[in-house]
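Colleague: Structure supplied as structure-v4.pdb; contents: PDB, C-alpha atoms.
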```pdb
ATOM      1  CA  MET Q   4      15.169  -1.391 123.330  1.00  0.00           C
ATOM      2  CA  SER Q   5      16.577   1.453 121.232  1.00  0.00           C
ATOM      3  CA  GLU Q   6      17.465   5.090 121.760  1.00  0.00           C
ATOM      4  CA  LEU Q   7      17.585   8.071 119.426  1.00  0.00           C
ATOM      5  CA  SER Q   8      20.523  10.463 119.242  1.00  0.00           C
ATOM      6  CA  MET Q   9      20.604  13.525 116.946  1.00  0.00           C
ATOM      7  CA  GLU Q  10      22.623  16.740 116.649  1.00  0.00           C
ATOM      8  CA  TRP Q  11      22.339  20.062 114.799  1.00  0.00           C
ATOM      9  CA  TRP Q  12      24.332  23.277 114.673  1.00  0.00           C
ATOM     10  CA  VAL Q  13      22.896  26.787 114.445  1.00  0.00           C
ATOM     11  CA  ALA Q  14      24.709  30.110 114.119  1.00  0.00           C
ATOM     12  CA  GLN Q  15      23.012  31.632 117.175  1.00  0.00           C
ATOM     13  CA  SER Q  16      24.009  31.584 120.832  1.00  0.00           C
ATOM     14  CA  PRO Q  17      22.529  29.054 123.293  1.00  0.00           C
ATOM     15  CA  GLU Q  18      20.734  31.954 124.982  1.00  0.00           C
ATOM     16  CA  ARG Q  19      19.047  32.958 121.719  1.00  0.00           C
ATOM     17  CA  VAL Q  20      18.013  29.383 120.953  1.00  0.00           C
ATOM     18  CA  PHE Q  21      16.736  28.921 124.502  1.00  0.00           C
ATOM     19  CA  ALA Q  22      14.639  32.079 124.133  1.00  0.00           C
ATOM     20  CA  ALA Q  23      12.854  30.410 121.204  1.00  0.00           C
ATOM     21  CA  ILE Q  24      12.151  27.471 123.535  1.00  0.00           C
ATOM     22  CA  GLU Q  25      11.159  29.442 126.623  1.00  0.00           C
ATOM     23  CA  ASP Q  26       8.919  32.033 124.946  1.00  0.00           C
ATOM     24  CA  PRO Q  27       5.521  30.383 124.258  1.00  0.00           C
ATOM     25  CA  PHE Q  28       4.839  32.674 121.280  1.00  0.00           C
ATOM     26  CA  GLN Q  29       8.071  31.546 119.630  1.00  0.00           C
ATOM     27  CA  MET Q  30       7.765  27.940 120.738  1.00  0.00           C
ATOM     28  CA  ARG Q  31       4.381  27.434 119.119  1.00  0.00           C
ATOM     29  CA  ARG Q  32       5.970  28.373 115.785  1.00  0.00           C
ATOM     30  CA  TRP Q  33       8.233  25.335 115.856  1.00  0.00           C
ATOM     31  CA  TYR Q  34       7.282  22.739 118.476  1.00  0.00           C
ATOM     32  CA  GLY Q  35       4.721  19.979 118.314  1.00  0.00           C
ATOM     33  CA  ALA Q  36       3.496  19.473 114.757  1.00  0.00           C
ATOM     34  CA  VAL Q  37       4.210  16.109 113.151  1.00  0.00           C
ATOM     35  CA  PRO Q  38       5.732  16.111 109.631  1.00  0.00           C
ATOM     36  CA  GLY Q  39       3.160  17.453 107.192  1.00  0.00           C
ATOM     37  CA  GLY Q  40       0.786  18.386 110.020  1.00  0.00           C
ATOM     38  CA  GLN Q  41      -0.222  21.457 112.000  1.00  0.00           C
ATOM     39  CA  ARG Q  42      -0.052  22.305 115.684  1.00  0.00           C
ATOM     40  CA  LEU Q  43      -3.510  23.403 116.901  1.00  0.00           C
ATOM     41  CA  GLY Q  44      -2.728  24.499 120.442  1.00  0.00           C
ATOM     42  CA  GLU Q  45      -1.562  23.553 123.907  1.00  0.00           C
ATOM     43  CA  GLU Q  46      -3.438  22.772 127.107  1.00  0.00           C
ATOM     44  CA  GLY Q  47      -1.995  22.939 130.602  1.00  0.00           C
ATOM     45  CA  ALA Q  48       1.199  24.597 131.777  1.00  0.00           C
ATOM     46  CA  ALA Q  49       4.522  23.583 130.283  1.00  0.00           C
ATOM     47  CA  GLU Q  50       6.257  24.535 133.524  1.00  0.00           C
ATOM     48  CA  SER Q  51       8.562  22.112 135.273  1.00  0.00           C
ATOM     49  CA  GLY Q  52       6.585  19.232 136.747  1.00  0.00           C
ATOM     50  CA  GLU Q  53       3.208  20.235 135.301  1.00  0.00           C
ATOM     51  CA  PRO Q  54       1.469  18.025 132.704  1.00  0.00           C
ATOM     52  CA  PHE Q  55       0.595  19.510 129.331  1.00  0.00           C
ATOM     53  CA  ARG Q  56      -1.043  18.433 126.085  1.00  0.00           C
ATOM     54  CA  VAL Q  57      -0.245  19.568 122.543  1.00  0.00           C
ATOM     55  CA  ASN Q  58      -2.985  18.976 119.968  1.00  0.00           C
ATOM     56  CA  VAL Q  59      -2.077  18.575 116.304  1.00  0.00           C
ATOM     57  CA  LEU Q  60      -3.555  17.574 112.978  1.00  0.00           C
ATOM     58  CA  ASP Q  61      -1.428  14.980 111.217  1.00  0.00           C
ATOM     59  CA  ALA Q  62      -0.713  14.932 107.484  1.00  0.00           C
ATOM     60  CA  LYS Q  63      -3.980  13.040 106.892  1.00  0.00           C
ATOM     61  CA  GLY Q  64      -6.065  15.529 108.879  1.00  0.00           C
ATOM     62  CA  VAL Q  65      -6.426  13.209 111.894  1.00  0.00           C
ATOM     63  CA  LEU Q  66      -6.450  14.837 115.330  1.00  0.00           C
ATOM     64  CA  ARG Q  67      -3.530  13.657 117.484  1.00  0.00           C
ATOM     65  CA  SER Q  68      -2.360  14.637 120.958  1.00  0.00           C
ATOM     66  CA  GLN Q  69       1.012  14.634 122.652  1.00  0.00           C
ATOM     67  CA  THR Q  70       1.057  14.570 126.446  1.00  0.00           C
ATOM     68  CA  GLY Q  71       4.163  15.435 128.379  1.00  0.00           C
ATOM     69  CA  ARG Q  72       5.784  16.798 131.487  1.00  0.00           C
ATOM     70  CA  ILE Q  73       8.890  18.946 131.866  1.00  0.00           C
ATOM     71  CA  LEU Q  74      11.119  17.219 134.408  1.00  0.00           C
ATOM     72  CA  LYS Q  75      13.854  19.813 134.691  1.00  0.00           C
ATOM     73  CA  VAL Q  76      14.890  23.065 133.023  1.00  0.00           C
ATOM     74  CA  PHE Q  77      18.492  24.185 132.606  1.00  0.00           C
ATOM     75  CA  PRO Q  78      18.233  27.935 131.846  1.00  0.00           C
ATOM     76  CA  GLY Q  79      20.028  28.733 128.622  1.00  0.00           C
ATOM     77  CA  ARG Q  80      21.104  25.104 128.227  1.00  0.00           C
ATOM     78  CA  GLY Q  81      17.999  22.980 127.626  1.00  0.00           C
ATOM     79  CA  PHE Q  82      15.558  20.728 129.451  1.00  0.00           C
ATOM     80  CA  LEU Q  83      14.516  17.184 130.322  1.00  0.00           C
ATOM     81  CA  MET Q  84      10.999  15.916 129.667  1.00  0.00           C
ATOM     82  CA  GLU Q  85       8.873  12.819 129.233  1.00  0.00           C
ATOM     83  CA  LEU Q  86       6.315  12.547 126.455  1.00  0.00           C
ATOM     84  CA  ALA Q  87       3.874  10.198 124.771  1.00  0.00           C
ATOM     85  CA  TRP Q  88       1.415  10.281 121.870  1.00  0.00           C
ATOM     86  CA  ASP Q  89      -2.082   8.856 121.574  1.00  0.00           C
ATOM     87  CA  GLY Q  90      -1.129   6.518 118.751  1.00  0.00           C
ATOM     88  CA  GLY Q  91      -0.305   6.890 115.077  1.00  0.00           C
ATOM     89  CA  GLU Q  92       3.198   6.551 113.654  1.00  0.00           C
ATOM     90  CA  LEU Q  93       4.727   7.847 116.907  1.00  0.00           C
ATOM     91  CA  GLY Q  94       3.074   5.119 118.969  1.00  0.00           C
ATOM     92  CA  SER Q  95       1.773   5.502 122.497  1.00  0.00           C
ATOM     93  CA  GLU Q  96       4.694   4.551 124.731  1.00  0.00           C
ATOM     94  CA  THR Q  97       6.184   7.074 127.145  1.00  0.00           C
ATOM     95  CA  THR Q  98       9.799   8.054 126.532  1.00  0.00           C
ATOM     96  CA  ARG Q  99      12.250  10.441 128.143  1.00  0.00           C
ATOM     97  CA  LEU Q 100      13.870  13.269 126.186  1.00  0.00           C
ATOM     98  CA  SER Q 101      17.026  15.266 126.815  1.00  0.00           C
ATOM     99  CA  PHE Q 102      17.161  18.493 124.785  1.00  0.00           C
ATOM    100  CA  GLY Q 103      20.554  20.140 125.227  1.00  0.00           C
ATOM    101  CA  LEU Q 104      22.195  23.343 124.005  1.00  0.00           C
ATOM    102  CA  GLU Q 105      25.981  23.668 124.042  1.00  0.00           C
ATOM    103  CA  PRO Q 106      28.195  26.526 122.812  1.00  0.00           C
ATOM    104  CA  SER Q 107      30.032  25.474 119.666  1.00  0.00           C
ATOM    105  CA  GLY Q 108      32.321  27.913 117.893  1.00  0.00           C
ATOM    106  CA  GLU Q 109      30.241  30.984 117.084  1.00  0.00           C
ATOM    107  CA  GLY Q 110      26.961  29.126 117.463  1.00  0.00           C
ATOM    108  CA  THR Q 111      25.167  26.339 119.293  1.00  0.00           C
ATOM    109  CA  ARG Q 112      25.130  22.571 119.075  1.00  0.00           C
ATOM    110  CA  ILE Q 113      21.653  21.172 119.702  1.00  0.00           C
ATOM    111  CA  GLU Q 114      21.571  17.626 121.066  1.00  0.00           C
ATOM    112  CA  VAL Q 115      18.458  15.448 121.256  1.00  0.00           C
ATOM    113  CA  ARG Q 116      18.564  12.151 123.152  1.00  0.00           C
ATOM    114  CA  GLN Q 117      15.354  10.147 123.524  1.00  0.00           C
ATOM    115  CA  GLY Q 118      14.272   6.664 124.542  1.00  0.00           C
ATOM    116  CA  PRO Q 119      13.857   3.889 125.216  1.00  0.00           C
ATOM    117  CA  PHE Q 120      11.912   2.745 122.142  1.00  0.00           C
ATOM    118  CA  SER Q 121      10.482  -0.714 121.614  1.00  0.00           C
ATOM    119  CA  SER Q 122      11.131  -0.832 117.861  1.00  0.00           C
ATOM    120  CA  PRO Q 123      13.376   0.611 115.135  1.00  0.00           C
ATOM    121  CA  GLU Q 124      10.236   1.899 113.396  1.00  0.00           C
ATOM    122  CA  LEU Q 125       9.475   4.200 116.330  1.00  0.00           C
ATOM    123  CA  VAL Q 126      13.061   5.447 116.350  1.00  0.00           C
ATOM    124  CA  GLU Q 127      12.772   6.420 112.696  1.00  0.00           C
ATOM    125  CA  ALA Q 128       9.343   8.006 113.211  1.00  0.00           C
ATOM    126  CA  TYR Q 129      10.736  10.199 115.984  1.00  0.00           C
ATOM    127  CA  ARG Q 130      13.814  10.962 113.891  1.00  0.00           C
ATOM    128  CA  ALA Q 131      11.534  12.442 111.221  1.00  0.00           C
ATOM    129  CA  TYR Q 132       9.551  14.236 113.939  1.00  0.00           C
ATOM    130  CA  TRP Q 133      12.615  15.959 115.393  1.00  0.00           C
ATOM    131  CA  GLU Q 134      14.037  16.763 111.961  1.00  0.00           C
ATOM    132  CA  ALA Q 135      10.828  18.691 111.268  1.00  0.00           C
ATOM    133  CA  ASN Q 136      10.578  20.329 114.699  1.00  0.00           C
ATOM    134  CA  VAL Q 137      14.218  21.291 115.168  1.00  0.00           C
ATOM    135  CA  GLY Q 138      14.322  22.397 111.543  1.00  0.00           C
ATOM    136  CA  ARG Q 139      11.643  24.952 112.414  1.00  0.00           C
ATOM    137  CA  LEU Q 140      13.467  25.866 115.642  1.00  0.00           C
ATOM    138  CA  LEU Q 141      16.601  26.730 113.666  1.00  0.00           C
ATOM    139  CA  ARG Q 142      14.534  29.049 111.484  1.00  0.00           C
ATOM    140  CA  VAL Q 143      12.808  30.697 114.468  1.00  0.00           C
ATOM    141  CA  ALA Q 144      16.113  31.173 116.310  1.00  0.00           C
ATOM    142  CA  SER Q 145      17.563  32.856 113.227  1.00  0.00           C
ATOM    143  CA  GLY Q 146      14.702  35.365 113.220  1.00  0.00           C
ATOM    144  CA  GLU Q 147      12.550  33.897 110.454  1.00  0.00           C
ATOM    145  CA  ALA Q 148       8.786  34.362 110.791  1.00  0.00           C
ATOM    146  CA  VAL Q 149       7.852  30.683 110.497  1.00  0.00           C
ATOM    147  CA  PRO Q 150       4.128  30.337 109.616  1.00  0.00           C
ATOM    148  CA  CYS Q 151       2.044  29.414 112.656  1.00  0.00           C
ATOM    149  CA  PHE Q 152      -1.412  27.824 112.397  1.00  0.00           C
ATOM    150  CA  GLU Q 153      -2.364  29.049 115.885  1.00  0.00           C
ATOM    151  CA  GLU Q 154      -1.574  32.668 115.058  1.00  0.00           C
ATOM    152  CA  PHE Q 155      -3.490  32.589 111.791  1.00  0.00           C
ATOM    153  CA  TRP Q 156      -6.397  30.850 113.527  1.00  0.00           C
ATOM    154  CA  GLU Q 157      -6.564  33.521 116.225  1.00  0.00           C
ATOM    155  CA  GLU Q 158      -6.276  36.375 113.727  1.00  0.00           C
ATOM    156  CA  SER Q 159      -9.025  34.930 111.535  1.00  0.00           C
ATOM    157  CA  GLY Q 160     -11.442  34.475 114.441  1.00  0.00           C
ATOM    158  CA  GLY Q 161     -13.540  37.483 113.434  1.00  0.00           C
ATOM    159  CA  TYR Q 162     -14.060  36.276 109.879  1.00  0.00           C
ATOM    160  CA  VAL Q 163     -16.952  33.853 110.138  1.00  0.00           C
ATOM    161  CA  GLU Q 164     -18.266  33.832 106.569  1.00  0.00           C
ATOM    162  CA  PRO Q 165     -16.446  31.882 103.827  1.00  0.00           C
ATOM    163  CA  LEU Q 166     -15.824  34.973 101.694  1.00  0.00           C
ATOM    164  CA  GLY Q 167     -14.421  36.862 104.667  1.00  0.00           C
ATOM    165  CA  LEU Q 168     -12.130  33.948 105.494  1.00  0.00           C
ATOM    166  CA  ALA Q 169     -10.993  33.765 101.876  1.00  0.00           C
ATOM    167  CA  ALA Q 170     -10.192  37.482 101.921  1.00  0.00           C
ATOM    168  CA  TYR Q 171      -8.288  37.106 105.205  1.00  0.00           C
ATOM    169  CA  THR Q 172      -6.269  34.215 103.744  1.00  0.00           C
ATOM    170  CA  VAL Q 173      -5.278  36.308 100.724  1.00  0.00           C
ATOM    171  CA  LEU Q 174      -4.277  39.252 102.924  1.00  0.00           C
ATOM    172  CA  ALA Q 175      -2.272  37.060 105.322  1.00  0.00           C
ATOM    173  CA  GLY Q 176      -0.479  35.443 102.397  1.00  0.00           C
ATOM    174  CA  MET Q 177       0.391  38.801 100.866  1.00  0.00           C
ATOM    175  CA  LYS Q 178       1.657  40.047 104.228  1.00  0.00           C
ATOM    176  CA  ALA Q 179       3.901  36.980 104.523  1.00  0.00           C
ATOM    177  CA  ALA Q 180       5.141  37.644 100.984  1.00  0.00           C
ATOM    178  CA  GLY Q 181       6.369  41.085 102.052  1.00  0.00           C
ATOM    179  CA  VAL Q 182       3.756  43.327 100.450  1.00  0.00           C
ATOM    180  CA  PRO Q 183       4.205  46.901 101.806  1.00  0.00           C
ATOM    181  CA  PRO Q 184       1.842  47.777 104.704  1.00  0.00           C
ATOM    182  CA  GLU Q 185       0.290  50.709 102.842  1.00  0.00           C
ATOM    183  CA  THR Q 186      -0.577  48.446  99.896  1.00  0.00           C
ATOM    184  CA  LEU Q 187      -2.082  45.864 102.244  1.00  0.00           C
ATOM    185  CA  ALA Q 188      -4.152  48.527 103.983  1.00  0.00           C
ATOM    186  CA  GLN Q 189      -5.555  49.747 100.663  1.00  0.00           C
ATOM    187  CA  LEU Q 190      -6.325  46.209  99.518  1.00  0.00           C
ATOM    188  CA  GLU Q 191      -7.987  45.332 102.827  1.00  0.00           C
ATOM    189  CA  GLU Q 192     -10.198  48.407 102.659  1.00  0.00           C
ATOM    190  CA  THR Q 193     -11.165  47.637  99.055  1.00  0.00           C
ATOM    191  CA  LEU Q 194     -11.917  43.967  99.762  1.00  0.00           C
ATOM    192  CA  TYR Q 195     -14.094  44.453 102.803  1.00  0.00           C
ATOM    193  CA  THR Q 196     -15.858  47.530 101.447  1.00  0.00           C
ATOM    194  CA  HIS Q 197     -17.000  45.664  98.350  1.00  0.00           C
ATOM    195  CA  LEU Q 198     -17.559  42.260  99.976  1.00  0.00           C
ATOM    196  CA  ALA Q 199     -20.080  43.931 102.267  1.00  0.00           C
ATOM    197  CA  ARG Q 200     -22.092  44.871  99.167  1.00  0.00           C
ATOM    198  CA  VAL Q 201     -22.370  41.335  97.793  1.00  0.00           C
ATOM    199  CA  PRO Q 202     -26.040  40.227  97.947  1.00  0.00           C
ATOM    200  CA  GLU Q 203     -26.683  37.685 100.695  1.00  0.00           C
ATOM    201  CA  GLU Q 204     -27.888  35.041  98.247  1.00  0.00           C
ATOM    202  CA  THR Q 205     -24.795  35.449  96.058  1.00  0.00           C
ATOM    203  CA  ALA Q 206     -22.522  35.313  99.102  1.00  0.00           C
ATOM    204  CA  GLY Q 207     -24.192  32.067 100.157  1.00  0.00           C
ATOM    205  CA  VAL Q 208     -23.672  30.457  96.755  1.00  0.00           C
ATOM    206  CA  LEU Q 209     -20.047  31.620  96.526  1.00  0.00           C
ATOM    207  CA  GLY Q 210     -19.437  30.341 100.051  1.00  0.00           C
ATOM    208  CA  ALA Q 211     -20.815  26.939  99.082  1.00  0.00           C
ATOM    209  CA  VAL Q 212     -18.544  26.852  96.015  1.00  0.00           C
ATOM    210  CA  LEU Q 213     -15.525  27.696  98.182  1.00  0.00           C
ATOM    211  CA  ARG Q 214     -16.335  24.976 100.726  1.00  0.00           C
ATOM    212  CA  GLU Q 215     -16.794  22.305  98.064  1.00  0.00           C
ATOM    213  CA  ARG Q 216     -13.636  23.340  96.229  1.00  0.00           C
ATOM    214  CA  LEU Q 217     -11.701  22.924  99.473  1.00  0.00           C
ATOM    215  CA  ARG Q 218     -13.278  19.529 100.124  1.00  0.00           C
ATOM    216  CA  GLY Q 219     -12.627  18.391  96.570  1.00  0.00           C
ATOM    217  CA  THR Q 220     -15.382  15.761  96.702  1.00  0.00           C
ATOM    218  CA  LEU Q 221     -17.515  16.877  93.742  1.00  0.00           C
ATOM    219  CA  PRO Q 222     -16.791  16.007  90.091  1.00  0.00           C
ATOM    220  CA  GLY Q 223     -14.389  18.581  88.717  1.00  0.00           C
ATOM    221  CA  GLY Q 224     -13.382  19.583  92.247  1.00  0.00           C
ATOM    222  CA  GLY Q 225      -9.876  20.402  93.388  1.00  0.00           C
TER     223      GLY Q 225
END
```
As structure tokens - that is how I would like this structure written.
Modeller:
Amino acid sequence: MSELSMEWWVAQSPERVFAAIEDPFQMRRWYGAVPGGQRLGEEGAAESGEPFRVNVLDAKGVLRSQTGRILKVFPGRGFLMELAWDGGELGSETTRLSFGLEPSGEGTRIEVRQGPFSSPELVEAYRAYWEANVGRLLRVASGEAVPCFEEFWEESGGYVEPLGLAAYTVLAGMKAAGVPPETLAQLEETLYTHLARVPEETAGVLGAVLRERLRGTLPGGG
């Protein structure tokens, strides 16, 4: 049986890093997604002792779920939990995780200890998993607006037609790129004013083109 041990350093206090763990709106920006995948959402309460489930899409677009339970919380200093996946590269065995935060100079040392694992392959799979997750945590703790699938999904809920979704995607991308709010507002007004005038038949054809381009299954597709 093997165990995993990893450490990072971040130039923020343990309290600031813990805030990115404790606040669900910050946590969903960094926790859960496998490398190359996206976190879709969480079910249950991630409070101490309560079971929860995090649903993700892996890099191949396969739906995966992590189940877990917080065993103990150390305010400002980390937590203990147990977790398991429903298969894939991360296996299905239940392991125990210690996630610790310790003051270090003018920042924080983050320590991850997890195990036991039945194979070296699982150790390396989880090593890649935590490199991706803690990498995002470091960015969130430093104040970076890490892109979040859940937030974009919620914001785009009112855009049901393909052209509307395409317009939303462009606007969200420009916002993330730092386009001034007044410019975004003008562009949004222009887009939706004119999209509303597109004939229904044309909108249907353009929507079909967009869907097939995204799928990339037709000759000459993306």
Colleague: As a check of understanding, name the residues that the PyMOL selection byres ((chain Q and resi 150) around 10) selects in the supplied structure, as a PyMOL selection string.
Modeller: chain Q and resi 31-33+139+143+147-149+151-155+176+179
Colleague: Counting only C-alpha atoms, which of Q:Ala128, Q:Leu100, Q:Ile113, Q:Leu166 gets nearest to Q:Glu203?
Modeller: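 Distance minimum relative to Q:Glu203 lands on Q:Leu166.
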Colleague: Apply the PyMOL selection byres ((chain Q and resi 15) around 10) to the structure shown and report the selected residues as a PDB file with C-alpha atoms, in the coordinates of the input.
Modeller:
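Printed below is part.pdb as written:
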```
ATOM      1  CA  TRP Q  12      24.332  23.277 114.673  1.00  0.00           C
ATOM      2  CA  VAL Q  13      22.896  26.787 114.445  1.00  0.00           C
ATOM      3  CA  ALA Q  14      24.709  30.110 114.119  1.00  0.00           C
ATOM      4  CA  SER Q  16      24.009  31.584 120.832  1.00  0.00           C
ATOM      5  CA  PRO Q  17      22.529  29.054 123.293  1.00  0.00           C
ATOM      6  CA  GLU Q  18      20.734  31.954 124.982  1.00  0.00           C
ATOM      7  CA  ARG Q  19      19.047  32.958 121.719  1.00  0.00           C
ATOM      8  CA  VAL Q  20      18.013  29.383 120.953  1.00  0.00           C
ATOM      9  CA  PRO Q 106      28.195  26.526 122.812  1.00  0.00           C
ATOM     10  CA  SER Q 107      30.032  25.474 119.666  1.00  0.00           C
ATOM     11  CA  GLU Q 109      30.241  30.984 117.084  1.00  0.00           C
ATOM     12  CA  GLY Q 110      26.961  29.126 117.463  1.00  0.00           C
ATOM     13  CA  THR Q 111      25.167  26.339 119.293  1.00  0.00           C
ATOM     14  CA  ARG Q 112      25.130  22.571 119.075  1.00  0.00           C
ATOM     15  CA  LEU Q 141      16.601  26.730 113.666  1.00  0.00           C
ATOM     16  CA  ALA Q 144      16.113  31.173 116.310  1.00  0.00           C
ATOM     17  CA  SER Q 145      17.563  32.856 113.227  1.00  0.00           C
ATOM     18  CA  GLY Q 146      14.702  35.365 113.220  1.00  0.00           C
TER      19      GLY Q 146
END
```
Colleague: For the file shown, report as JSON, numbers by chain the outcome of the PyMOL selection byres ((chain Q and resi 102) around 6) at residue level.
Modeller: {"Q": [81, 82, 101, 103, 114, 115]}
Colleague: Taking 3 positions as the minimum chain separation for residues in the same chain, which residues sit within 12 Å of Q:Leu213 when counting all atoms listed in the file? Answer as a PDB file with C-alpha atoms, in the coordinates of the input.
Modeller:
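As written to disk, result_9.pdb reads:
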```pdb
ATOM      1  CA  GLU Q 164     -18.266  33.832 106.569  1.00  0.00           C
ATOM      2  CA  PRO Q 165     -16.446  31.882 103.827  1.00  0.00           C
ATOM      3  CA  LEU Q 166     -15.824  34.973 101.694  1.00  0.00           C
ATOM      4  CA  GLY Q 167     -14.421  36.862 104.667  1.00  0.00           C
ATOM      5  CA  LEU Q 168     -12.130  33.948 105.494  1.00  0.00           C
ATOM      6  CA  ALA Q 169     -10.993  33.765 101.876  1.00  0.00           C
ATOM      7  CA  ALA Q 170     -10.192  37.482 101.921  1.00  0.00           C
ATOM      8  CA  ALA Q 206     -22.522  35.313  99.102  1.00  0.00           C
ATOM      9  CA  GLY Q 207     -24.192  32.067 100.157  1.00  0.00           C
ATOM     10  CA  VAL Q 208     -23.672  30.457  96.755  1.00  0.00           C
ATOM     11  CA  LEU Q 209     -20.047  31.620  96.526  1.00  0.00           C
ATOM     12  CA  GLY Q 210     -19.437  30.341 100.051  1.00  0.00           C
ATOM     13  CA  ARG Q 216     -13.636  23.340  96.229  1.00  0.00           C
ATOM     14  CA  LEU Q 217     -11.701  22.924  99.473  1.00  0.00           C
ATOM     15  CA  ARG Q 218     -13.278  19.529 100.124  1.00  0.00           C
ATOM     16  CA  GLY Q 219     -12.627  18.391  96.570  1.00  0.00           C
ATOM     17  CA  LEU Q 221     -17.515  16.877  93.742  1.00  0.00           C
ATOM     18  CA  GLY Q 224     -13.382  19.583  92.247  1.00  0.00           C
ATOM     19  CA  GLY Q 225      -9.876  20.402  93.388  1.00  0.00           C
TER      20      GLY Q 225
END
```
